[in-house]
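A.B. asks: Here you go, protein-v7.cif (mmCIF, C-alpha atoms, pLDDT in the B column; chains and numbers go by the auth columns):
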data_start
#
loop_
_atom_site.group_PDB
_atom_site.id
_atom_site.type_symbol
_atom_site.label_atom_id
_atom_site.label_comp_id
_atom_site.label_asym_id
_atom_site.label_seq_id
_atom_site.Cartn_x
_atom_site.Cartn_y
_atom_site.Cartn_z
_atom_site.B_iso_or_equiv
_atom_site.auth_seq_id
_atom_site.auth_asym_id
ATOM 1 C CA MET A 1 180.330 80.801 176.263 51.00 1 B
ATOM 2 C CA ALA A 2 179.250 77.898 174.055 53.00 2 B
ATOM 3 C CA ASP A 3 180.082 74.415 175.318 59.00 3 B
ATOM 4 C CA LYS A 4 180.592 73.092 171.816 57.00 4 B
ATOM 5 C CA VAL A 5 181.500 74.636 168.480 54.00 5 B
ATOM 6 C CA ILE A 6 180.530 72.915 165.245 51.00 6 B
ATOM 7 C CA TYR A 7 182.393 73.984 162.116 49.00 7 B
ATOM 8 C CA LEU A 8 180.459 73.685 158.843 51.00 8 B
ATOM 9 C CA ARG A 9 183.799 73.472 157.065 52.00 9 B
ATOM 10 C CA GLU A 10 187.262 72.542 158.123 51.00 10 B
ATOM 11 C CA LYS A 11 188.876 74.998 160.467 51.00 11 B
ATOM 12 C CA PRO A 12 191.523 77.082 158.664 48.00 12 B
ATOM 13 C CA ALA A 13 194.917 75.511 159.097 50.00 13 B
ATOM 14 C CA ALA A 14 197.465 77.342 161.180 51.00 14 B
ATOM 15 C CA PRO A 15 200.329 78.940 159.247 54.00 15 B
ATOM 16 C CA SER A 16 202.958 76.347 158.434 67.00 16 B
ATOM 17 C CA ASP A 17 206.348 76.590 160.065 74.00 17 B
ATOM 18 C CA GLU A 18 208.725 77.380 157.201 78.00 18 B
ATOM 19 C CA ARG A 19 211.498 75.596 159.032 78.00 19 B
ATOM 20 C CA ASN A 20 209.775 72.315 158.154 82.00 20 B
ATOM 21 C CA PHE A 21 210.400 72.824 154.445 87.00 21 B
ATOM 22 C CA LYS A 22 213.671 72.251 152.647 88.00 22 B
ATOM 23 C CA ILE A 23 212.776 74.837 150.016 91.00 23 B
ATOM 24 C CA LYS A 24 212.849 78.448 151.226 91.00 24 B
ATOM 25 C CA TYR A 25 209.624 79.485 149.513 91.00 25 B
ATOM 26 C CA ALA A 26 209.379 82.903 151.145 90.00 26 B
ATOM 27 C CA ASP A 27 212.859 83.795 149.884 91.00 27 B
ATOM 28 C CA LEU A 28 212.329 82.505 146.349 92.00 28 B
ATOM 29 C CA LEU A 29 208.877 83.957 145.699 93.00 29 B
ATOM 30 C CA ASN A 30 207.333 87.407 145.950 93.00 30 B
ATOM 31 C CA PRO A 31 204.579 87.912 148.558 92.00 31 B
ATOM 32 C CA ALA A 32 201.693 87.301 146.128 92.00 32 B
ATOM 33 C CA GLN A 33 203.300 84.164 144.701 93.00 33 B
ATOM 34 C CA PHE A 34 204.102 82.851 148.154 93.00 34 B
ATOM 35 C CA GLU A 35 200.517 83.396 149.306 92.00 35 B
ATOM 36 C CA ALA A 36 199.232 81.323 146.390 92.00 36 B
ATOM 37 C CA VAL A 37 201.824 78.595 146.916 93.00 37 B
ATOM 38 C CA ALA A 38 201.255 78.292 150.676 91.00 38 B
ATOM 39 C CA HIS A 39 197.430 78.346 150.521 91.00 39 B
ATOM 40 C CA ARG A 40 195.841 75.140 151.856 84.00 40 B
ATOM 41 C CA ASP A 41 192.371 76.145 153.131 79.00 41 B
ATOM 42 C CA GLY A 42 190.047 75.176 150.286 83.00 42 B
ATOM 43 C CA PRO A 43 189.908 76.265 146.619 87.00 43 B
ATOM 44 C CA LEU A 44 191.828 79.307 145.454 88.00 44 B
ATOM 45 C CA LEU A 45 191.380 81.421 142.337 90.00 45 B
ATOM 46 C CA VAL A 46 194.459 83.359 141.271 89.00 46 B
ATOM 47 C CA VAL A 47 194.129 86.113 138.686 90.00 47 B
ATOM 48 C CA ALA A 48 197.488 86.917 137.119 88.00 48 B
ATOM 49 C CA GLY A 49 198.642 88.717 134.006 88.00 49 B
ATOM 50 C CA ALA A 50 201.454 88.033 131.561 88.00 50 B
ATOM 51 C CA GLY A 51 204.918 87.949 133.073 88.00 51 B
ATOM 52 C CA SER A 52 203.652 87.671 136.652 90.00 52 B
ATOM 53 C CA GLY A 53 205.214 84.254 137.271 91.00 53 B
ATOM 54 C CA LYS A 54 202.209 81.968 136.882 90.00 54 B
ATOM 55 C CA THR A 55 204.258 78.967 135.777 90.00 55 B
ATOM 56 C CA ARG A 56 206.808 79.472 138.546 93.00 56 B
ATOM 57 C CA THR A 57 204.008 79.717 141.102 93.00 57 B
ATOM 58 C CA LEU A 58 202.387 76.472 139.957 92.00 58 B
ATOM 59 C CA ILE A 59 205.696 74.617 140.016 93.00 59 B
ATOM 60 C CA TYR A 60 206.455 75.725 143.553 94.00 60 B
ATOM 61 C CA ARG A 61 202.903 74.953 144.622 93.00 61 B
ATOM 62 C CA VAL A 62 203.329 71.355 143.438 93.00 62 B
ATOM 63 C CA ALA A 63 206.608 71.157 145.325 93.00 63 B
ATOM 64 C CA ARG A 64 205.024 72.672 148.440 93.00 64 B
ATOM 65 C CA LEU A 65 202.136 70.197 148.402 92.00 65 B
ATOM 66 C CA ILE A 66 204.562 67.283 148.150 93.00 66 B
ATOM 67 C CA GLU A 67 206.700 68.652 150.959 91.00 67 B
ATOM 68 C CA SER A 68 203.551 69.115 153.031 90.00 68 B
ATOM 69 C CA GLY A 69 202.841 65.400 152.833 89.00 69 B
ATOM 70 C CA VAL A 70 200.260 65.330 150.050 90.00 70 B
ATOM 71 C CA PRO A 71 200.686 62.073 148.055 92.00 71 B
ATOM 72 C CA PRO A 72 202.074 63.005 144.617 91.00 72 B
ATOM 73 C CA GLY A 73 199.530 60.693 142.987 90.00 73 B
ATOM 74 C CA ALA A 74 196.745 62.842 144.467 91.00 74 B
ATOM 75 C CA ILE A 75 198.003 65.979 142.707 92.00 75 B
ATOM 76 C CA LEU A 76 196.660 66.891 139.269 91.00 76 B
ATOM 77 C CA LEU A 77 198.419 69.526 137.164 91.00 77 B
ATOM 78 C CA LEU A 78 196.573 70.619 134.015 91.00 78 B
ATOM 79 C CA THR A 79 197.694 73.084 131.356 90.00 79 B
ATOM 80 C CA PHE A 80 196.661 73.952 127.804 87.00 80 B
ATOM 81 C CA THR A 81 199.624 72.280 126.078 88.00 81 B
ATOM 82 C CA ARG A 82 201.374 68.967 126.674 87.00 82 B
ATOM 83 C CA ARG A 83 204.754 70.613 126.339 89.00 83 B
ATOM 84 C CA ALA A 84 203.984 73.073 129.135 89.00 84 B
ATOM 85 C CA ALA A 85 202.805 70.287 131.441 87.00 85 B
ATOM 86 C CA GLN A 86 205.925 68.211 130.818 89.00 86 B
ATOM 87 C CA GLU A 87 208.182 71.206 131.414 91.00 87 B
ATOM 88 C CA MET A 88 206.444 72.095 134.680 90.00 88 B
ATOM 89 C CA LEU A 89 206.703 68.551 135.982 90.00 89 B
ATOM 90 C CA ARG A 90 210.378 68.410 134.983 92.00 90 B
ATOM 91 C CA ARG A 91 211.080 71.582 136.928 92.00 91 B
ATOM 92 C CA ALA A 92 209.103 70.283 139.899 92.00 92 B
ATOM 93 C CA GLU A 93 211.303 67.172 139.911 92.00 93 B
ATOM 94 C CA GLN A 94 214.345 69.427 140.110 92.00 94 B
ATOM 95 C CA LEU A 95 212.909 70.868 143.330 92.00 95 B
ATOM 96 C CA VAL A 96 211.677 67.767 145.167 92.00 96 B
ATOM 97 C CA GLY A 97 213.215 64.865 143.287 90.00 97 B
ATOM 98 C CA ASP A 98 211.611 61.776 141.804 89.00 98 B
ATOM 99 C CA ARG A 99 208.506 62.146 143.942 90.00 99 B
ATOM 100 C CA ALA A 100 207.179 64.704 141.476 89.00 100 B
ATOM 101 C CA GLY A 101 207.226 62.012 138.782 87.00 101 B
ATOM 102 C CA ALA A 102 204.078 60.505 140.307 89.00 102 B
ATOM 103 C CA VAL A 103 202.110 63.756 139.815 91.00 103 B
ATOM 104 C CA ALA A 104 199.393 63.414 137.173 88.00 104 B
ATOM 105 C CA GLY A 105 199.984 66.073 134.536 86.00 105 B
ATOM 106 C CA GLY A 106 198.721 66.852 131.061 88.00 106 B
ATOM 107 C CA THR A 107 196.300 68.998 129.121 90.00 107 B
ATOM 108 C CA PHE A 108 192.663 69.625 129.991 90.00 108 B
ATOM 109 C CA HIS A 109 191.606 67.794 126.831 88.00 109 B
ATOM 110 C CA SER A 110 193.786 64.724 127.379 90.00 110 B
ATOM 111 C CA PHE A 111 192.624 64.447 130.989 90.00 111 B
ATOM 112 C CA ALA A 112 188.952 64.667 129.979 90.00 112 B
ATOM 113 C CA ASN A 113 189.575 62.154 127.196 91.00 113 B
ATOM 114 C CA ASN A 114 191.149 59.650 129.595 90.00 114 B
ATOM 115 C CA VAL A 115 188.372 60.086 132.160 91.00 115 B
ATOM 116 C CA LEU A 116 185.663 59.472 129.552 92.00 116 B
ATOM 117 C CA ARG A 117 187.416 56.400 128.173 93.00 117 B
ATOM 118 C CA ARG A 118 187.838 54.909 131.645 92.00 118 B
ATOM 119 C CA MET A 119 184.576 55.997 133.263 92.00 119 B
ATOM 120 C CA GLY A 120 182.152 56.723 130.432 91.00 120 B
ATOM 121 C CA ALA A 121 180.282 53.411 130.638 91.00 121 B
ATOM 122 C CA PRO A 122 177.601 54.661 133.101 91.00 122 B
ATOM 123 C CA MET A 123 176.574 57.307 130.555 87.00 123 B
ATOM 124 C CA GLY A 124 176.531 54.793 127.701 88.00 124 B
ATOM 125 C CA LEU A 125 179.844 55.875 126.206 88.00 125 B
ATOM 126 C CA LYS A 126 182.078 53.107 124.866 90.00 126 B
ATOM 127 C CA PRO A 127 185.857 53.461 125.337 90.00 127 B
ATOM 128 C CA ASN A 128 186.577 53.212 121.592 90.00 128 B
ATOM 129 C CA PHE A 129 185.047 56.590 120.706 88.00 129 B
ATOM 130 C CA THR A 130 186.854 58.995 118.422 86.00 130 B
ATOM 131 C CA ILE A 131 187.045 62.807 118.521 85.00 131 B
ATOM 132 C CA LEU A 132 185.654 65.213 115.938 84.00 132 B
ATOM 133 C CA ASP A 133 187.450 68.521 115.466 86.00 133 B
ATOM 134 C CA ARG A 134 185.786 71.587 113.946 88.00 134 B
ATOM 135 C CA SER A 135 186.714 70.605 110.397 91.00 135 B
ATOM 136 C CA ASP A 136 185.220 67.126 110.835 91.00 136 B
ATOM 137 C CA MET A 137 182.110 68.646 112.367 90.00 137 B
ATOM 138 C CA GLU A 138 181.575 70.973 109.403 91.00 138 B
ATOM 139 C CA ASP A 139 182.075 68.095 106.967 92.00 139 B
ATOM 140 C CA VAL A 140 179.362 66.120 108.764 90.00 140 B
ATOM 141 C CA VAL A 141 177.043 69.142 108.673 88.00 141 B
ATOM 142 C CA ASN A 142 177.680 69.597 104.959 89.00 142 B
ATOM 143 C CA LEU A 143 176.964 65.912 104.316 90.00 143 B
ATOM 144 C CA LEU A 144 173.663 66.204 106.152 88.00 144 B
ATOM 145 C CA ARG A 145 172.747 69.406 104.285 84.00 145 B
ATOM 146 C CA THR A 146 173.325 67.608 101.001 87.00 146 B
ATOM 147 C CA ARG A 147 171.323 64.533 101.998 87.00 147 B
ATOM 148 C CA MET A 148 168.455 66.736 103.139 83.00 148 B
ATOM 149 C CA GLY A 149 168.446 68.693 99.877 81.00 149 B
ATOM 150 C CA LEU A 150 169.486 71.956 101.519 78.00 150 B
ATOM 151 C CA ALA A 151 172.852 72.501 99.825 75.00 151 B
ATOM 152 C CA SER A 152 171.600 73.825 96.488 75.00 152 B
ATOM 153 C CA ARG A 153 171.803 77.507 95.640 74.00 153 B
ATOM 154 C CA GLU A 154 168.079 77.572 94.937 72.00 154 B
ATOM 155 C CA ARG A 155 167.302 77.035 98.629 68.00 155 B
ATOM 156 C CA ARG A 156 168.186 79.740 101.128 70.00 156 B
ATOM 157 C CA PHE A 157 169.983 77.838 103.876 77.00 157 B
ATOM 158 C CA PRO A 158 173.043 78.708 106.013 81.00 158 B
ATOM 159 C CA LYS A 159 176.571 77.580 105.211 84.00 159 B
ATOM 160 C CA LYS A 160 178.017 74.605 107.037 87.00 160 B
ATOM 161 C CA SER A 161 180.283 76.847 109.136 89.00 161 B
ATOM 162 C CA THR A 162 177.320 78.950 110.300 87.00 162 B
ATOM 163 C CA ILE A 163 175.281 75.875 111.227 86.00 163 B
ATOM 164 C CA ALA A 164 178.256 74.367 113.065 89.00 164 B
ATOM 165 C CA GLU A 165 178.801 77.567 115.023 91.00 165 B
ATOM 166 C CA ALA A 166 175.137 77.793 116.046 89.00 166 B
ATOM 167 C CA ILE A 167 175.073 74.162 117.193 89.00 167 B
ATOM 168 C CA SER A 168 178.355 74.553 119.047 90.00 168 B
ATOM 169 C CA MET A 169 177.112 77.666 120.855 91.00 169 B
ATOM 170 C CA ALA A 170 173.860 75.932 121.800 91.00 170 B
ATOM 171 C CA ARG A 171 175.719 72.930 123.189 89.00 171 B
ATOM 172 C CA ASN A 172 178.216 75.019 125.121 91.00 172 B
ATOM 173 C CA LYS A 173 175.412 77.128 126.624 92.00 173 B
ATOM 174 C CA ARG A 174 173.304 74.010 127.291 91.00 174 B
ATOM 175 C CA ARG A 175 170.156 75.294 125.647 91.00 175 B
ATOM 176 C CA PRO A 176 168.011 74.195 122.683 90.00 176 B
ATOM 177 C CA LEU A 177 169.228 75.154 119.221 86.00 177 B
ATOM 178 C CA GLU A 178 165.958 76.948 118.451 85.00 178 B
ATOM 179 C CA GLU A 179 166.456 79.176 121.506 89.00 179 B
ATOM 180 C CA GLU A 180 170.090 79.816 120.554 88.00 180 B
ATOM 181 C CA ILE A 181 169.013 80.937 117.069 85.00 181 B
ATOM 182 C CA GLU A 182 166.427 83.309 118.547 86.00 182 B
ATOM 183 C CA LEU A 183 168.938 84.901 120.928 88.00 183 B
ATOM 184 C CA ASP A 184 172.281 84.936 119.121 87.00 184 B
ATOM 185 C CA PHE A 185 171.648 84.031 115.467 83.00 185 B
ATOM 186 C CA ARG A 186 168.631 86.139 114.595 77.00 186 B
ATOM 187 C CA ILE A 187 169.761 86.355 110.994 73.00 187 B
ATOM 188 C CA LEU A 188 168.907 82.652 110.752 73.00 188 B
ATOM 189 C CA ALA A 189 165.417 83.126 112.168 69.00 189 B
ATOM 190 C CA SER A 190 163.972 83.837 108.741 65.00 190 B
ATOM 191 C CA ILE A 191 165.029 80.445 107.370 62.00 191 B
ATOM 192 C CA ARG A 192 164.291 78.515 110.546 56.00 192 B
ATOM 193 C CA PRO A 193 160.853 77.258 109.398 54.00 193 B
ATOM 194 C CA SER A 194 162.468 75.515 106.426 54.00 194 B
ATOM 195 C CA PHE A 195 164.349 73.373 108.924 53.00 195 B
ATOM 196 C CA TRP A 196 161.824 72.907 111.696 51.00 196 B
ATOM 197 C CA ASN A 197 159.108 71.896 109.195 50.00 197 B
ATOM 198 C CA LEU A 198 161.214 68.992 107.943 46.00 198 B
ATOM 199 C CA PRO A 199 160.150 65.475 108.961 43.00 199 B
ATOM 200 C CA THR A 200 161.199 64.616 112.500 45.00 200 B
ATOM 201 C CA SER A 201 163.307 61.712 111.277 40.00 201 B
ATOM 202 C CA MET A 202 165.405 64.056 109.143 40.00 202 B
ATOM 203 C CA ARG A 203 165.846 66.531 111.995 43.00 203 B
ATOM 204 C CA ALA A 204 166.830 63.668 114.272 41.00 204 B
ATOM 205 C CA THR A 205 169.400 62.490 111.749 38.00 205 B
ATOM 206 C CA SER A 206 170.963 65.915 111.626 38.00 206 B
ATOM 207 C CA SER A 207 171.479 65.892 115.366 41.00 207 B
ATOM 208 C CA SER A 208 173.067 62.469 115.478 38.00 208 B
ATOM 209 C CA ALA A 209 176.615 63.410 114.557 37.00 209 B
ATOM 210 C CA VAL A 210 176.920 67.107 115.311 36.00 210 B
ATOM 211 C CA CYS A 211 178.392 68.485 118.515 38.00 211 B
ATOM 212 C CA SER A 212 180.473 71.407 119.656 36.00 212 B
ATOM 213 C CA THR A 213 184.087 71.964 118.634 36.00 213 B
ATOM 214 C CA THR A 214 185.361 70.196 121.742 37.00 214 B
ATOM 215 C CA THR A 215 183.002 67.256 121.417 35.00 215 B
ATOM 216 C CA THR A 216 184.017 63.632 121.819 35.00 216 B
ATOM 217 C CA CYS A 217 181.955 61.277 119.722 36.00 217 B
ATOM 218 C CA SER A 218 181.486 57.567 119.328 36.00 218 B
ATOM 219 C CA THR A 219 182.072 56.119 115.904 35.00 219 B
ATOM 220 C CA THR A 220 178.481 54.879 116.036 36.00 220 B
ATOM 221 C CA SER A 221 177.109 57.866 117.935 36.00 221 B
ATOM 222 C CA ARG A 222 173.497 58.802 117.658 36.00 222 B
ATOM 223 C CA SER A 223 173.166 61.831 119.919 37.00 223 B
ATOM 224 C CA CYS A 224 175.068 64.476 121.850 36.00 224 B
ATOM 225 C CA SER A 225 175.089 65.130 125.580 35.00 225 B
ATOM 226 C CA SER A 226 174.887 68.853 126.295 32.00 226 B
ATOM 227 C CA SER A 227 176.325 68.635 129.783 33.00 227 B
ATOM 228 C CA MET A 228 179.496 66.750 128.855 35.00 228 B
ATOM 229 C CA LYS A 229 179.438 67.727 125.171 36.00 229 B
ATOM 230 C CA THR A 230 179.858 64.074 124.236 35.00 230 B
ATOM 231 C CA CYS A 231 178.056 61.751 121.892 36.00 231 B
ATOM 232 C CA ALA A 232 176.504 58.594 123.292 34.00 232 B
ATOM 233 C CA ALA A 233 174.914 55.593 121.609 32.00 233 B
ATOM 234 C CA GLU A 234 171.330 56.500 122.313 32.00 234 B
ATOM 235 C CA SER A 235 168.238 56.827 120.159 29.00 235 B
ATOM 236 C CA PRO A 236 168.065 59.900 117.862 31.00 236 B
ATOM 237 C CA ILE A 237 166.601 63.114 119.226 30.00 237 B
ATOM 238 C CA PRO A 238 165.550 66.338 117.507 32.00 238 B
ATOM 239 C CA ILE A 239 168.389 68.820 117.344 34.00 239 B
ATOM 240 C CA GLY A 240 166.426 71.404 119.289 33.00 240 B
ATOM 241 C CA THR A 241 165.935 69.292 122.404 29.00 241 B
#
Could the structure of this file be written out as structure tokens, please?

C.D. replies:
Amino acid sequence: MADKVIYLREKPAAPSDERNFKIKYADLLNPAQFEAVAHRDGPLLVVAGAGSGKTRTLIYRVARLIESGVPPGAILLLTFTRRAAQEMLRRAEQLVGDRAGAVAGGTFHSFANNVLRRMGAPMGLKPNFTILDRSDMEDVVNLLRTRMGLASRERRFPKKSTIAEAISMARNKRRPLEEEIELDFRILASIRPSFWNLPTSMRATSSSAVCSTTTTCSTTSRSCSSSMKTCAAESPIPIGT
């Protein structure tokens, strides 16, 4: 028998004694919901369909974490809409009281926005950036097409929506635009030389204000970061890099 055992990860916690909780989770949830709510040993992915009680499960999980001694300020609850987040936190407060008010809740986009504004300095991102939606992005693309002389009917060049989609896909997949065109936009391959043969300065300009649909950009942005899909005040780079 070994004299010493070294765990490469924390040892799974023993099942909690339900008598220690004011809320009778096992009685209020079905077995699958209860398993998700009571899980504490590392990350957990739950796959659930419509009407399976996803919202209820998340609310009770927040309550369970608080009752287990987790500081409410260390809990982050993210949803796709602000209304849903507010409703879930309100219902959590009904279960465990005012303690749930300290839980950080909101949408994925608002959380990412706040993080970038507070902690974006190391990547050269100023806190006063603004956000471009898809319509703004297409307007920027169309402005660049016009300035580069590619918007006339005499020249065979993609529409602004097609260009925006290709750039967005390339950014989201973290690969060069030229490679994205080859793989997923082959219909554009025939006109690609008309773009790539333009002066480098013009290609760099076209990359300075165009990002994916979920991009955050600085008002004076010069380039886009593929990993965070943000624009930072750096020197221009060719759109295919």

A.B. asks: Report the residues retrieved by the PyMOL selection byres ((chain B and resi 164) around 10) from the displayed file, expressed as a PDB file with C-alpha atoms, in the coordinates of the input.

C.D. replies:
ATOM      1  CA  ARG B 134     185.786  71.587 113.946  1.00 88.00           C
ATOM      2  CA  SER B 135     186.714  70.605 110.397  1.00 91.00           C
ATOM      3  CA  MET B 137     182.110  68.646 112.367  1.00 90.00           C
ATOM      4  CA  GLU B 138     181.575  70.973 109.403  1.00 91.00           C
ATOM      5  CA  ASP B 139     182.075  68.095 106.967  1.00 92.00           C
ATOM      6  CA  VAL B 140     179.362  66.120 108.764  1.00 90.00           C
ATOM      7  CA  VAL B 141     177.043  69.142 108.673  1.00 88.00           C
ATOM      8  CA  ASN B 142     177.680  69.597 104.959  1.00 89.00           C
ATOM      9  CA  PRO B 158     173.043  78.708 106.013  1.00 81.00           C
ATOM     10  CA  LYS B 159     176.571  77.580 105.211  1.00 84.00           C
ATOM     11  CA  LYS B 160     178.017  74.605 107.037  1.00 87.00           C
ATOM     12  CA  SER B 161     180.283  76.847 109.136  1.00 89.00           C
ATOM     13  CA  THR B 162     177.320  78.950 110.300  1.00 87.00           C
ATOM     14  CA  ILE B 163     175.281  75.875 111.227  1.00 86.00           C
ATOM     15  CA  GLU B 165     178.801  77.567 115.023  1.00 91.00           C
ATOM     16  CA  ALA B 166     175.137  77.793 116.046  1.00 89.00           C
ATOM     17  CA  ILE B 167     175.073  74.162 117.193  1.00 89.00           C
ATOM     18  CA  SER B 168     178.355  74.553 119.047  1.00 90.00           C
ATOM     19  CA  MET B 169     177.112  77.666 120.855  1.00 91.00           C
ATOM     20  CA  ALA B 170     173.860  75.932 121.800  1.00 91.00           C
ATOM     21  CA  VAL B 210     176.920  67.107 115.311  1.00 36.00           C
ATOM     22  CA  CYS B 211     178.392  68.485 118.515  1.00 38.00           C
ATOM     23  CA  SER B 212     180.473  71.407 119.656  1.00 36.00           C
ATOM     24  CA  THR B 213     184.087  71.964 118.634  1.00 36.00           C
TER      25      THR B 213
END

A.B. asks: I'd like to see the residues matched by the PyMOL selection byres ((chain B and resi 21) around 12) on this file, and ideally I'd get them as a PyMOL selection string.

C.D. replies: chain B and resi 16-20+22-26+38+60+63-69+95-96

A.B. asks: Write a file of the just-selected residues containing C-alpha atoms, as a PDB file, in the frame of the given file.

C.D. replies:
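Saved as out30.pdb:
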ATOM      1  CA  SER B  16     202.958  76.347 158.434  1.00 67.00           C
ATOM      2  CA  ASP B  17     206.348  76.590 160.065  1.00 74.00           C
ATOM      3  CA  GLU B  18     208.725  77.380 157.201  1.00 78.00           C
ATOM      4  CA  ARG B  19     211.498  75.596 159.032  1.00 78.00           C
ATOM      5  CA  ASN B  20     209.775  72.315 158.154  1.00 82.00           C
ATOM      6  CA  LYS B  22     213.671  72.251 152.647  1.00 88.00           C
ATOM      7  CA  ILE B  23     212.776  74.837 150.016  1.00 91.00           C
ATOM      8  CA  LYS B  24     212.849  78.448 151.226  1.00 91.00           C
ATOM      9  CA  TYR B  25     209.624  79.485 149.513  1.00 91.00           C
ATOM     10  CA  ALA B  26     209.379  82.903 151.145  1.00 90.00           C
ATOM     11  CA  ALA B  38     201.255  78.292 150.676  1.00 91.00           C
ATOM     12  CA  TYR B  60     206.455  75.725 143.553  1.00 94.00           C
ATOM     13  CA  ALA B  63     206.608  71.157 145.325  1.00 93.00           C
ATOM     14  CA  ARG B  64     205.024  72.672 148.440  1.00 93.00           C
ATOM     15  CA  LEU B  65     202.136  70.197 148.402  1.00 92.00           C
ATOM     16  CA  ILE B  66     204.562  67.283 148.150  1.00 93.00           C
ATOM     17  CA  GLU B  67     206.700  68.652 150.959  1.00 91.00           C
ATOM     18  CA  SER B  68     203.551  69.115 153.031  1.00 90.00           C
ATOM     19  CA  GLY B  69     202.841  65.400 152.833  1.00 89.00           C
ATOM     20  CA  LEU B  95     212.909  70.868 143.330  1.00 92.00           C
ATOM     21  CA  VAL B  96     211.677  67.767 145.167  1.00 92.00           C
TER      22      VAL B  96
END

A.B. asks: What is the CA of Ala36 in chain B-CA of Leu58 in chain B distance in Å, reported with one decimal?

C.D. replies: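 Interatomic distance here is 8.7 Å.
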
A.B. asks: Given the file shown, determine the residues that the PyMOL selection byres ((chain B and resi 76-89) around 10) selects; report them as a PDB file with C-alpha atoms, keeping the file's coordinate frame.

C.D. replies:
ATOM      1  CA  THR B  55     204.258  78.967 135.777  1.00 90.00           C
ATOM      2  CA  ARG B  56     206.808  79.472 138.546  1.00 93.00           C
ATOM      3  CA  LEU B  58     202.387  76.472 139.957  1.00 92.00           C
ATOM      4  CA  ILE B  59     205.696  74.617 140.016  1.00 93.00           C
ATOM      5  CA  TYR B  60     206.455  75.725 143.553  1.00 94.00           C
ATOM      6  CA  VAL B  62     203.329  71.355 143.438  1.00 93.00           C
ATOM      7  CA  ALA B  63     206.608  71.157 145.325  1.00 93.00           C
ATOM      8  CA  PRO B  72     202.074  63.005 144.617  1.00 91.00           C
ATOM      9  CA  GLY B  73     199.530  60.693 142.987  1.00 90.00           C
ATOM     10  CA  ALA B  74     196.745  62.842 144.467  1.00 91.00           C
ATOM     11  CA  ILE B  75     198.003  65.979 142.707  1.00 92.00           C
ATOM     12  CA  ARG B  90     210.378  68.410 134.983  1.00 92.00           C
ATOM     13  CA  ARG B  91     211.080  71.582 136.928  1.00 92.00           C
ATOM     14  CA  ALA B  92     209.103  70.283 139.899  1.00 92.00           C
ATOM     15  CA  GLU B  93     211.303  67.172 139.911  1.00 92.00           C
ATOM     16  CA  GLN B  94     214.345  69.427 140.110  1.00 92.00           C
ATOM     17  CA  LEU B  95     212.909  70.868 143.330  1.00 92.00           C
ATOM     18  CA  ALA B 100     207.179  64.704 141.476  1.00 89.00           C
ATOM     19  CA  GLY B 101     207.226  62.012 138.782  1.00 87.00           C
ATOM     20  CA  ALA B 102     204.078  60.505 140.307  1.00 89.00           C
ATOM     21  CA  VAL B 103     202.110  63.756 139.815  1.00 91.00           C
ATOM     22  CA  ALA B 104     199.393  63.414 137.173  1.00 88.00           C
ATOM     23  CA  GLY B 105     199.984  66.073 134.536  1.00 86.00           C
ATOM     24  CA  GLY B 106     198.721  66.852 131.061  1.00 88.00           C
ATOM     25  CA  THR B 107     196.300  68.998 129.121  1.00 90.00           C
ATOM     26  CA  PHE B 108     192.663  69.625 129.991  1.00 90.00           C
ATOM     27  CA  HIS B 109     191.606  67.794 126.831  1.00 88.00           C
ATOM     28  CA  SER B 110     193.786  64.724 127.379  1.00 90.00           C
ATOM     29  CA  PHE B 111     192.624  64.447 130.989  1.00 90.00           C
TER      30      PHE B 111
END

A.B. asks: Would you work out the distance separating CA of Arg118 in chain B from CA of Asp136 in chain B, expressed in Å to one decimal?

C.D. replies: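 Separating CA of Arg118 in chain B from CA of Asp136 in chain B is a distance of 24.3 Å.
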
A.B. asks: Pick the closest to Phe157 in chain B from B:Pro31, B:Ile187, B:Asn128, B:Glu180: which is it, counting only C-alpha atoms?

C.D. replies: B:Ile187

A.B. asks: To one decimal place in Å, what is the distance between CA of Ala112 in chain B and CA of Arg171 in chain B?

C.D. replies: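 According to the coordinates, CA of Ala112 in chain B and CA of Arg171 in chain B are separated by 17.0 Å.
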